[in-house]
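Have a look at upload18.pdb; it's PDB, C-alpha atoms:
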```
MODEL        1
ATOM      1  CA  MET A   1      14.728   1.636   9.651
ATOM      2  CA  ASN A   2      11.227   2.778  10.483
ATOM      3  CA  THR A   3      11.300   6.144   8.700
ATOM      4  CA  PHE A   4      10.504   6.647   5.013
ATOM      5  CA  GLY A   5      11.209   9.805   3.015
ATOM      6  CA  THR A   6      13.709  12.670   2.878
ATOM      7  CA  LEU A   7      11.820  15.935   3.437
ATOM      8  CA  PHE A   8       8.282  14.607   3.741
ATOM      9  CA  ARG A   9       8.902  11.784   6.223
ATOM     10  CA  LEU A  10       6.781   9.014   7.701
ATOM     11  CA  THR A  11       7.798   7.085  10.818
ATOM     12  CA  THR A  12       5.658   4.112  11.836
ATOM     13  CA  PHE A  13       5.503   2.211  15.130
ATOM     14  CA  GLY A  14       3.563  -0.545  16.863
ATOM     15  CA  GLU A  15       2.839  -4.278  16.634
ATOM     16  CA  SER A  16      -0.185  -6.250  15.485
ATOM     17  CA  HIS A  17      -1.241  -7.259  19.012
ATOM     18  CA  GLY A  18       0.264  -4.385  20.982
ATOM     19  CA  PRO A  19      -1.767  -1.543  22.522
ATOM     20  CA  ALA A  20      -1.689   0.598  19.369
ATOM     21  CA  LEU A  21      -0.010   1.343  16.068
ATOM     22  CA  GLY A  22       0.783   4.809  14.844
ATOM     23  CA  SER A  23       2.474   7.256  12.539
ATOM     24  CA  VAL A  24       4.501  10.413  12.837
ATOM     25  CA  ILE A  25       4.550  12.569   9.699
ATOM     26  CA  ASP A  26       7.222  15.268   9.619
ATOM     27  CA  GLY A  27       7.777  17.822   6.877
ATOM     28  CA  CYS A  28       4.176  18.536   5.940
ATOM     29  CA  PRO A  29       3.804  22.298   5.434
ATOM     30  CA  ALA A  30       1.507  24.403   7.575
ATOM     31  CA  GLY A  31      -1.959  25.338   6.415
ATOM     32  CA  VAL A  32      -2.881  22.084   4.656
ATOM     33  CA  PRO A  33      -6.572  21.267   5.226
ATOM     34  CA  LEU A  34      -6.647  18.011   7.193
ATOM     35  CA  THR A  35      -9.394  16.488   9.335
ATOM     36  CA  ARG A  36      -9.646  13.289  11.322
ATOM     37  CA  GLU A  37     -12.408  12.219   8.949
ATOM     38  CA  MET A  38     -10.080  12.469   5.941
ATOM     39  CA  ILE A  39      -7.628  10.043   7.546
ATOM     40  CA  GLN A  40     -10.444   7.810   8.788
ATOM     41  CA  ALA A  41     -11.894   7.503   5.284
ATOM     42  CA  ALA A  42      -8.530   6.220   4.047
ATOM     43  CA  LEU A  43      -8.251   3.735   6.914
ATOM     44  CA  ASP A  44     -11.786   2.464   6.331
ATOM     45  CA  ARG A  45     -10.737   1.307   2.862
ATOM     46  CA  ARG A  46      -7.936  -0.807   4.380
ATOM     47  CA  ARG A  47      -9.473  -2.020   7.618
ATOM     48  CA  PRO A  48     -10.146  -5.735   8.273
ATOM     49  CA  GLY A  49     -13.606  -7.250   8.347
ATOM     50  CA  GLN A  50     -15.025  -5.199   5.465
ATOM     51  CA  SER A  51     -16.124  -8.205   3.372
ATOM     52  CA  ALA A  52     -16.198 -12.007   3.342
ATOM     53  CA  LEU A  53     -13.040 -11.990   1.194
ATOM     54  CA  VAL A  54     -10.739 -10.663   3.917
ATOM     55  CA  THR A  55      -9.753 -11.407   7.499
ATOM     56  CA  PRO A  56     -12.717 -11.385   9.912
ATOM     57  CA  ARG A  57     -10.667  -9.606  12.594
ATOM     58  CA  ASN A  58     -13.171  -6.911  13.569
ATOM     59  CA  GLU A  59     -11.080  -3.795  14.126
ATOM     60  CA  PRO A  60     -12.754  -0.375  13.834
ATOM     61  CA  ASP A  61      -9.319   1.197  13.206
ATOM     62  CA  THR A  62     -10.458   4.490  14.704
ATOM     63  CA  VAL A  63      -7.735   7.093  14.273
ATOM     64  CA  GLU A  64      -6.763   9.652  16.915
ATOM     65  CA  ILE A  65      -4.731  12.710  15.896
ATOM     66  CA  LEU A  66      -2.409  13.627  18.767
ATOM     67  CA  SER A  67      -0.491  16.581  17.352
ATOM     68  CA  GLY A  68       0.286  18.760  14.369
ATOM     69  CA  VAL A  69      -3.281  19.753  13.460
ATOM     70  CA  PHE A  70      -5.290  22.698  14.772
ATOM     71  CA  GLN A  71      -8.646  23.950  13.521
ATOM     72  CA  ASP A  72      -8.543  21.338  10.748
ATOM     73  CA  LYS A  73      -5.278  22.607   9.294
ATOM     74  CA  THR A  74      -1.732  21.358   9.657
ATOM     75  CA  LEU A  75       0.653  23.397  11.810
ATOM     76  CA  GLY A  76       3.893  22.497  10.047
ATOM     77  CA  THR A  77       4.921  20.551  13.163
ATOM     78  CA  PRO A  78       5.084  16.734  13.432
ATOM     79  CA  ILE A  79       1.689  15.111  12.934
ATOM     80  CA  ALA A  80       1.212  12.140  15.262
ATOM     81  CA  ALA A  81      -1.736   9.774  14.925
ATOM     82  CA  ILE A  82      -2.537   6.398  16.480
ATOM     83  CA  VAL A  83      -4.983   3.533  16.042
ATOM     84  CA  ARG A  84      -5.627   1.427  19.130
ATOM     85  CA  ASN A  85      -5.911  -2.345  18.728
ATOM     86  CA  ALA A  86      -9.269  -3.547  20.001
ATOM     87  CA  ASN A  87      -9.868  -7.094  18.763
ATOM     88  CA  GLN A  88      -6.723  -9.160  19.320
ATOM     89  CA  ARG A  89      -6.910 -12.919  19.961
ATOM     90  CA  SER A  90      -3.271 -13.525  20.774
ATOM     91  CA  GLN A  91      -3.820 -17.092  21.995
ATOM     92  CA  ASP A  92      -4.667 -18.121  18.442
ATOM     93  CA  TYR A  93      -1.019 -17.607  17.527
ATOM     94  CA  ASN A  94       0.669 -19.523  20.367
ATOM     95  CA  GLN A  95       1.947 -22.134  17.906
ATOM     96  CA  LEU A  96       3.909 -19.463  16.050
ATOM     97  CA  ALA A  97       6.185 -19.003  19.055
ATOM     98  CA  SER A  98       8.020 -22.135  17.883
ATOM     99  CA  VAL A  99       6.728 -22.868  14.350
ATOM    100  CA  ASP A 100       7.931 -20.770  11.441
ATOM    101  CA  ARG A 101       5.573 -20.027   8.573
ATOM    102  CA  PRO A 102       6.899 -20.706   5.059
ATOM    103  CA  GLY A 103       7.422 -17.498   3.147
ATOM    104  CA  HIS A 104       7.250 -15.311   6.262
ATOM    105  CA  ALA A 105       9.996 -13.548   8.203
ATOM    106  CA  ASP A 106       9.690 -15.603  11.401
ATOM    107  CA  ALA A 107      13.011 -17.439  11.144
ATOM    108  CA  VAL A 108      15.122 -14.514   9.939
ATOM    109  CA  TRP A 109      13.681 -12.167  12.588
ATOM    110  CA  ARG A 110      14.555 -14.695  15.287
ATOM    111  CA  GLU A 111      18.071 -14.998  13.928
ATOM    112  CA  ARG A 112      18.520 -11.219  13.691
ATOM    113  CA  TYR A 113      16.892 -10.059  16.943
ATOM    114  CA  LYS A 114      16.905 -13.209  19.144
ATOM    115  CA  HIS A 115      13.562 -12.035  20.541
ATOM    116  CA  ARG A 116      10.348 -11.294  18.693
ATOM    117  CA  ASP A 117       6.612 -10.799  19.117
ATOM    118  CA  HIS A 118       4.989 -13.814  17.434
ATOM    119  CA  ARG A 119       1.400 -12.685  18.086
ATOM    120  CA  GLY A 120      -0.128 -12.103  14.666
ATOM    121  CA  GLY A 121       3.335 -11.499  13.274
ATOM    122  CA  GLY A 122       4.119  -8.590  15.586
ATOM    123  CA  ARG A 123       5.888  -5.857  13.632
ATOM    124  CA  THR A 124       6.007  -8.006  10.481
ATOM    125  CA  SER A 125       2.212  -8.200  10.353
ATOM    126  CA  GLY A 126       0.339  -6.623   7.484
ATOM    127  CA  ARG A 127      -1.410  -4.601  10.175
ATOM    128  CA  GLU A 128       1.627  -2.299  10.159
ATOM    129  CA  THR A 129       0.401  -0.999   6.814
ATOM    130  CA  LEU A 130      -2.368   1.015   8.473
ATOM    131  CA  CYS A 131       0.412   3.374   9.561
ATOM    132  CA  ARG A 132       1.351   3.873   5.918
ATOM    133  CA  VAL A 133      -2.256   4.643   5.034
ATOM    134  CA  ILE A 134      -2.279   7.373   7.683
ATOM    135  CA  GLY A 135       0.868   8.858   6.156
ATOM    136  CA  GLY A 136      -0.565   8.555   2.660
ATOM    137  CA  ALA A 137      -3.723  10.399   3.687
ATOM    138  CA  VAL A 138      -1.622  13.315   4.922
ATOM    139  CA  ALA A 139       0.480  13.245   1.740
ATOM    140  CA  GLU A 140      -2.646  13.308  -0.407
ATOM    141  CA  ALA A 141      -4.065  16.217   1.593
ATOM    142  CA  TYR A 142      -0.854  18.146   0.881
ATOM    143  CA  LEU A 143      -0.908  17.242  -2.820
ATOM    144  CA  ALA A 144      -4.601  18.130  -3.108
ATOM    145  CA  ARG A 145      -3.737  21.641  -1.980
ATOM    146  CA  ASP A 146      -0.563  22.214  -4.003
ATOM    147  CA  LEU A 147      -0.961  19.869  -7.011
ATOM    148  CA  PRO A 148      -4.662  19.053  -7.359
ATOM    149  CA  SER A 149      -4.137  17.627 -10.856
ATOM    150  CA  ILE A 150      -2.530  14.474  -9.431
ATOM    151  CA  SER A 151      -4.743  11.392  -9.273
ATOM    152  CA  THR A 152      -3.505   8.062  -7.855
ATOM    153  CA  VAL A 153      -5.699   4.981  -8.301
ATOM    154  CA  ALA A 154      -4.763   1.345  -7.692
ATOM    155  CA  TYR A 155      -6.743  -1.772  -8.523
ATOM    156  CA  VAL A 156      -6.397  -5.552  -8.278
ATOM    157  CA  SER A 157      -5.129  -6.774 -11.655
ATOM    158  CA  GLN A 158      -4.591 -10.471 -10.908
ATOM    159  CA  VAL A 159      -5.731 -13.091  -8.380
ATOM    160  CA  GLY A 160      -4.124 -16.500  -8.772
ATOM    161  CA  GLU A 161      -4.213 -17.144 -12.516
ATOM    162  CA  LEU A 162      -7.111 -14.762 -13.201
ATOM    163  CA  VAL A 163      -5.926 -11.583 -14.924
ATOM    164  CA  SER A 164      -7.960  -8.389 -15.287
ATOM    165  CA  SER A 165      -8.180  -6.466 -18.530
ATOM    166  CA  VAL A 166      -6.586  -3.019 -18.534
ATOM    167  CA  PRO A 167      -9.218  -0.425 -17.549
ATOM    168  CA  ALA A 168      -9.876   2.615 -19.694
ATOM    169  CA  PRO A 169      -8.527   6.058 -18.730
ATOM    170  CA  GLY A 170     -10.482   7.874 -16.074
ATOM    171  CA  LEU A 171     -10.545   5.033 -13.535
ATOM    172  CA  THR A 172     -11.593   6.296 -10.084
ATOM    173  CA  ARG A 173     -11.316   4.873  -6.604
ATOM    174  CA  ALA A 174     -15.100   4.727  -6.397
ATOM    175  CA  MET A 175     -15.131   2.484  -9.478
ATOM    176  CA  VAL A 176     -12.482   0.236  -7.919
ATOM    177  CA  ASP A 177     -14.270   0.077  -4.557
ATOM    178  CA  ALA A 178     -17.574  -0.877  -6.195
ATOM    179  CA  HIS A 179     -16.657  -4.581  -5.874
ATOM    180  CA  PRO A 180     -15.085  -6.304  -2.834
ATOM    181  CA  THR A 181     -12.247  -7.719  -4.955
ATOM    182  CA  ARG A 182     -11.304  -4.143  -5.934
ATOM    183  CA  CYS A 183     -10.995  -5.380  -9.517
ATOM    184  CA  PRO A 184     -12.827  -3.161 -12.039
ATOM    185  CA  ASP A 185     -13.092  -5.909 -14.679
ATOM    186  CA  GLU A 186     -16.664  -7.251 -14.539
ATOM    187  CA  ALA A 187     -15.663 -10.266 -16.642
ATOM    188  CA  VAL A 188     -13.317 -11.791 -14.028
ATOM    189  CA  ARG A 189     -14.053 -10.288 -10.611
ATOM    190  CA  GLU A 190     -16.876 -12.667  -9.681
ATOM    191  CA  GLU A 191     -14.635 -15.639 -10.400
ATOM    192  CA  MET A 192     -11.907 -13.928  -8.367
ATOM    193  CA  SER A 193     -14.361 -13.748  -5.459
ATOM    194  CA  ARG A 194     -15.231 -17.404  -5.827
ATOM    195  CA  GLN A 195     -11.602 -18.509  -5.817
ATOM    196  CA  ILE A 196     -10.724 -16.335  -2.823
ATOM    197  CA  LEU A 197     -13.648 -17.750  -0.847
ATOM    198  CA  ALA A 198     -12.643 -21.292  -1.850
ATOM    199  CA  ALA A 199      -9.088 -20.654  -0.621
ATOM    200  CA  LYS A 200     -10.457 -19.254   2.631
ATOM    201  CA  GLU A 201     -12.648 -22.321   3.147
ATOM    202  CA  ALA A 202      -9.675 -24.601   2.498
ATOM    203  CA  GLY A 203      -7.396 -22.670   4.859
ATOM    204  CA  ASP A 204      -5.243 -21.702   1.886
ATOM    205  CA  SER A 205      -4.260 -18.358   0.310
ATOM    206  CA  LEU A 206      -3.749 -16.710  -3.092
ATOM    207  CA  GLY A 207      -1.299 -14.218  -4.526
ATOM    208  CA  GLY A 208      -1.544 -11.937  -7.537
ATOM    209  CA  SER A 209      -0.875  -8.333  -8.456
ATOM    210  CA  ILE A 210      -2.054  -4.747  -8.086
ATOM    211  CA  ASP A 211      -1.641  -2.005 -10.696
ATOM    212  CA  VAL A 212      -1.194   1.650  -9.750
ATOM    213  CA  ARG A 213      -1.980   4.444 -12.198
ATOM    214  CA  VAL A 214      -0.941   8.050 -11.497
ATOM    215  CA  GLU A 215      -2.145  10.889 -13.682
ATOM    216  CA  GLY A 216      -1.271  14.583 -13.580
ATOM    217  CA  LEU A 217       2.352  14.341 -12.451
ATOM    218  CA  PRO A 218       4.410  17.442 -13.248
ATOM    219  CA  VAL A 219       7.037  16.904 -15.941
ATOM    220  CA  GLY A 220      10.504  16.475 -14.456
ATOM    221  CA  LEU A 221       9.460  15.135 -11.048
ATOM    222  CA  GLY A 222      12.200  12.907  -9.672
ATOM    223  CA  GLU A 223      15.989  12.976  -9.896
ATOM    224  CA  PRO A 224      18.022  11.899 -12.935
ATOM    225  CA  ILE A 225      20.581   9.644 -11.242
ATOM    226  CA  PHE A 226      20.132   7.946  -7.861
ATOM    227  CA  GLY A 227      16.791   9.507  -6.973
ATOM    228  CA  LYS A 228      14.978   8.260 -10.069
ATOM    229  CA  LEU A 229      11.196   8.254  -9.768
ATOM    230  CA  LYS A 230      11.075   4.591 -10.805
ATOM    231  CA  ALA A 231      13.679   3.643  -8.184
ATOM    232  CA  LEU A 232      11.852   5.446  -5.383
ATOM    233  CA  ILE A 233       8.517   3.909  -6.367
ATOM    234  CA  ALA A 234      10.154   0.467  -6.437
ATOM    235  CA  GLN A 235      11.601   1.045  -2.965
ATOM    236  CA  ALA A 236       8.247   2.238  -1.637
ATOM    237  CA  LEU A 237       6.265  -0.696  -3.006
ATOM    238  CA  GLY A 238       9.014  -3.212  -2.266
ATOM    239  CA  SER A 239       8.931  -2.175   1.394
ATOM    240  CA  ILE A 240       5.429  -3.666   1.685
ATOM    241  CA  GLY A 241       5.871  -7.096   3.237
ATOM    242  CA  ALA A 242       3.965  -9.232   0.717
ATOM    243  CA  VAL A 243       5.295  -7.533  -2.445
ATOM    244  CA  THR A 244       7.704  -9.728  -4.414
ATOM    245  CA  GLY A 245       8.332  -7.653  -7.550
ATOM    246  CA  VAL A 246       7.605  -4.415  -9.393
ATOM    247  CA  VAL A 247       7.394  -3.696 -13.140
ATOM    248  CA  TRP A 248       6.354  -0.704 -15.232
ATOM    249  CA  GLY A 249       4.106  -0.794 -18.196
ATOM    250  CA  PRO A 250       1.854  -2.526 -17.170
ATOM    251  CA  PRO A 251       3.516  -5.755 -18.336
ATOM    252  CA  ASP A 252       0.736  -6.759 -20.744
ATOM    253  CA  LEU A 253       0.827  -3.420 -22.566
ATOM    254  CA  ILE A 254       2.844  -4.732 -25.507
ATOM    255  CA  GLN A 255       0.435  -7.589 -26.156
ATOM    256  CA  ARG A 256      -2.573  -5.292 -25.730
ATOM    257  CA  LEU A 257      -1.297  -2.860 -28.365
ATOM    258  CA  GLY A 258      -0.063  -5.583 -30.679
ATOM    259  CA  GLN A 259       3.506  -4.305 -30.643
ATOM    260  CA  PRO A 260       6.472  -6.698 -30.806
ATOM    261  CA  GLY A 261       8.815  -6.518 -27.853
ATOM    262  CA  THR A 262      11.610  -5.005 -29.915
ATOM    263  CA  LYS A 263       9.431  -1.901 -30.418
ATOM    264  CA  PHE A 264       8.624  -1.401 -26.747
ATOM    265  CA  HIS A 265       9.722   2.231 -26.676
ATOM    266  CA  ALA A 266       7.930   3.060 -29.892
ATOM    267  CA  VAL A 267       4.727   2.990 -27.845
ATOM    268  CA  LYS A 268       4.315   6.271 -25.990
ATOM    269  CA  ASP A 269       2.692   5.010 -22.807
ATOM    270  CA  ALA A 270       4.949   1.962 -22.622
ATOM    271  CA  TYR A 271       7.415   4.126 -20.715
ATOM    272  CA  GLY A 272       5.115   3.868 -17.716
ATOM    273  CA  GLY A 273       5.225   7.664 -17.411
ATOM    274  CA  ILE A 274       8.939   7.809 -16.542
ATOM    275  CA  GLN A 275      11.926   8.661 -18.760
ATOM    276  CA  GLY A 276      15.448   9.194 -17.537
ATOM    277  CA  GLY A 277      14.222   8.766 -13.989
ATOM    278  CA  LEU A 278      11.850  11.738 -14.348
ATOM    279  CA  ALA A 279       8.103  11.989 -14.842
ATOM    280  CA  ASN A 280       7.406  12.702 -18.524
ATOM    281  CA  GLY A 281       3.849  14.007 -18.171
ATOM    282  CA  GLU A 282       2.213  10.768 -19.310
ATOM    283  CA  PRO A 283       0.245   8.588 -16.874
ATOM    284  CA  MET A 284       2.621   6.597 -14.678
ATOM    285  CA  GLN A 285       1.725   2.915 -14.502
ATOM    286  CA  VAL A 286       3.328   0.315 -12.252
ATOM    287  CA  ARG A 287       2.430  -3.239 -11.262
ATOM    288  CA  ALA A 288       3.334  -4.844  -7.918
ATOM    289  CA  PHE A 289       3.266  -8.618  -7.494
ATOM    290  CA  PHE A 290       2.116 -10.187  -4.215
ATOM    291  CA  LYS A 291       2.912 -13.574  -2.740
ATOM    292  CA  PRO A 292       0.103 -15.546  -1.089
ATOM    293  CA  PRO A 293      -0.279 -14.698   2.629
ATOM    294  CA  ALA A 294       1.996 -16.918   4.721
ATOM    295  CA  THR A 295      -0.327 -17.462   7.699
ATOM    296  CA  LEU A 296      -2.510 -20.468   6.885
ATOM    297  CA  ALA A 297      -5.100 -22.344   8.920
ATOM    298  CA  ASP A 298      -2.633 -25.038   9.983
ATOM    299  CA  HIS A 299      -0.183 -22.405  11.324
ATOM    300  CA  ALA A 300      -2.581 -20.428  13.508
ATOM    301  CA  LYS A 301      -5.528 -22.524  14.683
ATOM    302  CA  GLY A 302      -8.490 -20.166  14.874
ATOM    303  CA  GLY A 303      -6.313 -17.258  13.791
ATOM    304  CA  ARG A 304      -7.772 -14.712  11.420
ATOM    305  CA  HIS A 305      -5.876 -13.976   8.250
ATOM    306  CA  ASP A 306      -6.524 -12.719   4.732
ATOM    307  CA  PRO A 307      -6.827 -15.537   2.197
ATOM    308  CA  CYS A 308      -5.853 -12.924  -0.405
ATOM    309  CA  ILE A 309      -4.233  -9.678   0.684
ATOM    310  CA  MET A 310      -4.698  -7.674  -2.525
ATOM    311  CA  PRO A 311      -8.182  -6.184  -1.940
ATOM    312  CA  ARG A 312      -7.048  -4.553   1.309
ATOM    313  CA  ALA A 313      -3.595  -3.686  -0.055
ATOM    314  CA  VAL A 314      -4.967  -1.353  -2.755
ATOM    315  CA  PRO A 315      -5.065   1.741  -0.460
ATOM    316  CA  VAL A 316      -1.647   0.798   0.945
ATOM    317  CA  LEU A 317      -0.028   1.011  -2.498
ATOM    318  CA  GLU A 318      -1.806   4.290  -3.178
ATOM    319  CA  ALA A 319      -0.482   5.625   0.124
ATOM    320  CA  MET A 320       3.132   4.646  -0.559
ATOM    321  CA  VAL A 321       3.081   6.165  -4.042
ATOM    322  CA  SER A 322       1.541   9.376  -2.665
ATOM    323  CA  LEU A 323       4.265   9.575  -0.003
ATOM    324  CA  VAL A 324       6.957   9.316  -2.706
ATOM    325  CA  ILE A 325       5.299  12.025  -4.789
ATOM    326  CA  ALA A 326       4.823  14.374  -1.818
ATOM    327  CA  ASP A 327       8.471  13.949  -0.841
ATOM    328  CA  LEU A 328       9.687  14.617  -4.394
ATOM    329  CA  VAL A 329       7.494  17.702  -4.681
ATOM    330  CA  GLN A 330       9.038  19.011  -1.461
ATOM    331  CA  GLN A 331      12.524  18.322  -2.840
ATOM    332  CA  LEU A 332      11.670  19.970  -6.167
ATOM    333  CA  ASN A 333      10.425  23.065  -4.358
ATOM    334  CA  ALA A 334      13.588  23.156  -2.254
ATOM    335  CA  ARG A 335      16.039  22.929  -5.174
ATOM    336  CA  PRO A 336      14.221  23.272  -8.494
ATOM    337  CA  HIS A 337      17.297  23.768 -10.708
ATOM    338  CA  SER A 338      19.831  21.304  -9.280
ATOM    339  CA  ALA A 339      20.962  18.239 -11.201
TER     340      ALA A 339
ENDMDL
END
```
Render the structure in this file as structure tokens.
Amino acid sequence: MNTFGTLFRLTTFGESHGPALGSVIDGCPAGVPLTREMIQAALDRRRPGQSALVTPRNEPDTVEILSGVFQDKTLGTPIAAIVRNANQRSQDYNQLASVDRPGHADAVWRERYKHRDHRGGGRTSGRETLCRVIGGAVAEAYLARDLPSISTVAYVSQVGELVSSVPAPGLTRAMVDAHPTRCPDEAVREEMSRQILAAKEAGDSLGGSIDVRVEGLPVGLGEPIFGKLKALIAQALGSIGAVTGVVWGPPDLIQRLGQPGTKFHAVKDAYGGIQGGLANGEPMQVRAFFKPPATLADHAKGGRHDPCIMPRAVPVLEAMVSLVIADLVQQLNARPHSA
């Protein structure tokens, strides 16, 4: 299944070392202001090689819009966009043709498909997430026109055993991007950098978590039974390869407010912005946990991998959440009174 969404749909294609990766976005209304530069700005936040903390694969990730946009506005037709791969070193991954990485999908993909592209992980590579960022940029352009009150900001909340404090309201993407860890907590982010660099030097990797905060959601967004907002967000974030779990809260909220666990729902924002599967008008907060990257130095000699995926995954989580919201807004507009 390579398509995500019901009315606002994203289809992704391509492999890590193939000619290109791309996205097709269907269901975006006509007349939404959208430029190549808007999508490129989103991709630049995810692209490799942007700091010493991430993979040194030097990909410009230059986006090309092939259809669906004319005179910097969407046409209401499918929007197709591609990013051509320019800096592959496929020979670095020859060992992975026969050696399976622990924690990765190598073995199960071989069992399922009997044939796979081992170069850089092929379709299972984190590079596939650039397609999601393209889709998220289109979703955010649509939301900026129709629901400009919505703000979605993610940040790195944990690296290894280092945990960030909970930032104050009003967090912006510029504040998150001010440090290469994408952690806004000045008290821990330098140590996060040091530990990531140490893991990189040792050919090792680190996991952790990312928090996503969404403000300005309309009350009632979502569906009360099987289309619950929390279920759709969990599906969206769980579809990201390195994500191992999702919780609402964030999980340290009870301790931060000094409330015993039995009084969890006595704290207004402990709902995480969702009640009965619907947005309740409060900020929605969700935390996604990430496993350490599975490609290590002894699996791909000379290969380039992220020692810690979270800094580059921040815009990916924002994109997936924005896609969910855009799709639900479309559904709400289509049938506002159904239950």
message: For a cutoff of 10 Å around the file-coordinate point (-7.7, -20.3, -2.6), which residues qualify once you count all atoms listed in the file? I'd like the result as number ranges by chain.
response: A: 159-160, 192-207, 292, 307-308
The selected residues should be written to file as a tab-separated table (two decimals), in the coordinates of the input (atoms: C-alpha atoms).
```
chain	number	residue	atom	x	y	z
A	159	VAL	CA	-5.73	-13.09	-8.38
A	160	GLY	CA	-4.12	-16.50	-8.77
A	192	MET	CA	-11.91	-13.93	-8.37
A	193	SER	CA	-14.36	-13.75	-5.46
A	194	ARG	CA	-15.23	-17.40	-5.83
A	195	GLN	CA	-11.60	-18.51	-5.82
A	196	ILE	CA	-10.72	-16.34	-2.82
A	197	LEU	CA	-13.65	-17.75	-0.85
A	198	ALA	CA	-12.64	-21.29	-1.85
A	199	ALA	CA	-9.09	-20.65	-0.62
A	200	LYS	CA	-10.46	-19.25	2.63
A	201	GLU	CA	-12.65	-22.32	3.15
A	202	ALA	CA	-9.68	-24.60	2.50
A	203	GLY	CA	-7.40	-22.67	4.86
A	204	ASP	CA	-5.24	-21.70	1.89
A	205	SER	CA	-4.26	-18.36	0.31
A	206	LEU	CA	-3.75	-16.71	-3.09
A	207	GLY	CA	-1.30	-14.22	-4.53
A	292	PRO	CA	0.10	-15.55	-1.09
A	307	PRO	CA	-6.83	-15.54	2.20
A	308	CYS	CA	-5.85	-12.92	-0.40
```
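Among the candidates A:Ala52, A:Ile274, A:Val24, A:Val32, the one nearest to Ile79 of chain A when counting only C-alpha atoms is A:Val24.
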message: Running the PyMOL selection byres ((chain A and resi 66-77) around 6) on this model by hand, what would come out? Give it as an MDAnalysis selection string.
response: chainID A and resid 28:35 65 78:81
Residue neighbourhood segment 120-134 of chain A, 8 Å, all atoms listed in the file, exclusion window fewer than 2 positions, as a PDB file with C-alpha atoms, keeping the file's coordinate frame:
```pdb
ATOM      1  CA  LEU A  10       6.781   9.014   7.701  1.00  0.00           C
ATOM      2  CA  THR A  12       5.658   4.112  11.836  1.00  0.00           C
ATOM      3  CA  PHE A  13       5.503   2.211  15.130  1.00  0.00           C
ATOM      4  CA  GLY A  14       3.563  -0.545  16.863  1.00  0.00           C
ATOM      5  CA  GLU A  15       2.839  -4.278  16.634  1.00  0.00           C
ATOM      6  CA  SER A  16      -0.185  -6.250  15.485  1.00  0.00           C
ATOM      7  CA  HIS A  17      -1.241  -7.259  19.012  1.00  0.00           C
ATOM      8  CA  GLY A  18       0.264  -4.385  20.982  1.00  0.00           C
ATOM      9  CA  LEU A  21      -0.010   1.343  16.068  1.00  0.00           C
ATOM     10  CA  GLY A  22       0.783   4.809  14.844  1.00  0.00           C
ATOM     11  CA  SER A  23       2.474   7.256  12.539  1.00  0.00           C
ATOM     12  CA  ILE A  39      -7.628  10.043   7.546  1.00  0.00           C
ATOM     13  CA  ALA A  42      -8.530   6.220   4.047  1.00  0.00           C
ATOM     14  CA  LEU A  43      -8.251   3.735   6.914  1.00  0.00           C
ATOM     15  CA  ARG A  46      -7.936  -0.807   4.380  1.00  0.00           C
ATOM     16  CA  ARG A  47      -9.473  -2.020   7.618  1.00  0.00           C
ATOM     17  CA  ALA A  81      -1.736   9.774  14.925  1.00  0.00           C
ATOM     18  CA  SER A  90      -3.271 -13.525  20.774  1.00  0.00           C
ATOM     19  CA  TYR A  93      -1.019 -17.607  17.527  1.00  0.00           C
ATOM     20  CA  ALA A 105       9.996 -13.548   8.203  1.00  0.00           C
ATOM     21  CA  ASP A 106       9.690 -15.603  11.401  1.00  0.00           C
ATOM     22  CA  ARG A 116      10.348 -11.294  18.693  1.00  0.00           C
ATOM     23  CA  ASP A 117       6.612 -10.799  19.117  1.00  0.00           C
ATOM     24  CA  HIS A 118       4.989 -13.814  17.434  1.00  0.00           C
ATOM     25  CA  GLY A 136      -0.565   8.555   2.660  1.00  0.00           C
ATOM     26  CA  ALA A 137      -3.723  10.399   3.687  1.00  0.00           C
ATOM     27  CA  VAL A 138      -1.622  13.315   4.922  1.00  0.00           C
ATOM     28  CA  ILE A 240       5.429  -3.666   1.685  1.00  0.00           C
ATOM     29  CA  GLY A 241       5.871  -7.096   3.237  1.00  0.00           C
ATOM     30  CA  PRO A 315      -5.065   1.741  -0.460  1.00  0.00           C
ATOM     31  CA  VAL A 316      -1.647   0.798   0.945  1.00  0.00           C
ATOM     32  CA  ALA A 319      -0.482   5.625   0.124  1.00  0.00           C
ATOM     33  CA  MET A 320       3.132   4.646  -0.559  1.00  0.00           C
TER      34      MET A 320
END
```
message: Give me, as a PyMOL selection string, all polymer residues having an atom no more than 9 Å from segment 276-287 of chain A, counting all atoms listed in the file and skipping those fewer than 3 positions away in the same chain.
response: chain A and resi 157+209-231+233-234+245-251+268-273
With the PyMOL selection byres ((chain A and resi 140) around 10) as the selection, what would be picked from this file? Answer as a CSV table (one decimal) with C-alpha atoms, in the frame of the given file, please.
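So selection-v2.csv came out as:
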```csv
chain,number,residue,atom,x,y,z
A,34,LEU,CA,-6.6,18.0,7.2
A,38,MET,CA,-10.1,12.5,5.9
A,39,ILE,CA,-7.6,10.0,7.5
A,135,GLY,CA,0.9,8.9,6.2
A,136,GLY,CA,-0.6,8.6,2.7
A,137,ALA,CA,-3.7,10.4,3.7
A,138,VAL,CA,-1.6,13.3,4.9
A,139,ALA,CA,0.5,13.2,1.7
A,141,ALA,CA,-4.1,16.2,1.6
A,142,TYR,CA,-0.9,18.1,0.9
A,143,LEU,CA,-0.9,17.2,-2.8
A,144,ALA,CA,-4.6,18.1,-3.1
A,145,ARG,CA,-3.7,21.6,-2.0
A,146,ASP,CA,-0.6,22.2,-4.0
A,147,LEU,CA,-1.0,19.9,-7.0
A,148,PRO,CA,-4.7,19.1,-7.4
A,150,ILE,CA,-2.5,14.5,-9.4
A,151,SER,CA,-4.7,11.4,-9.3
A,152,THR,CA,-3.5,8.1,-7.9
A,318,GLU,CA,-1.8,4.3,-3.2
A,319,ALA,CA,-0.5,5.6,0.1
A,321,VAL,CA,3.1,6.2,-4.0
A,322,SER,CA,1.5,9.4,-2.7
A,323,LEU,CA,4.3,9.6,0.0
A,325,ILE,CA,5.3,12.0,-4.8
A,326,ALA,CA,4.8,14.4,-1.8
```
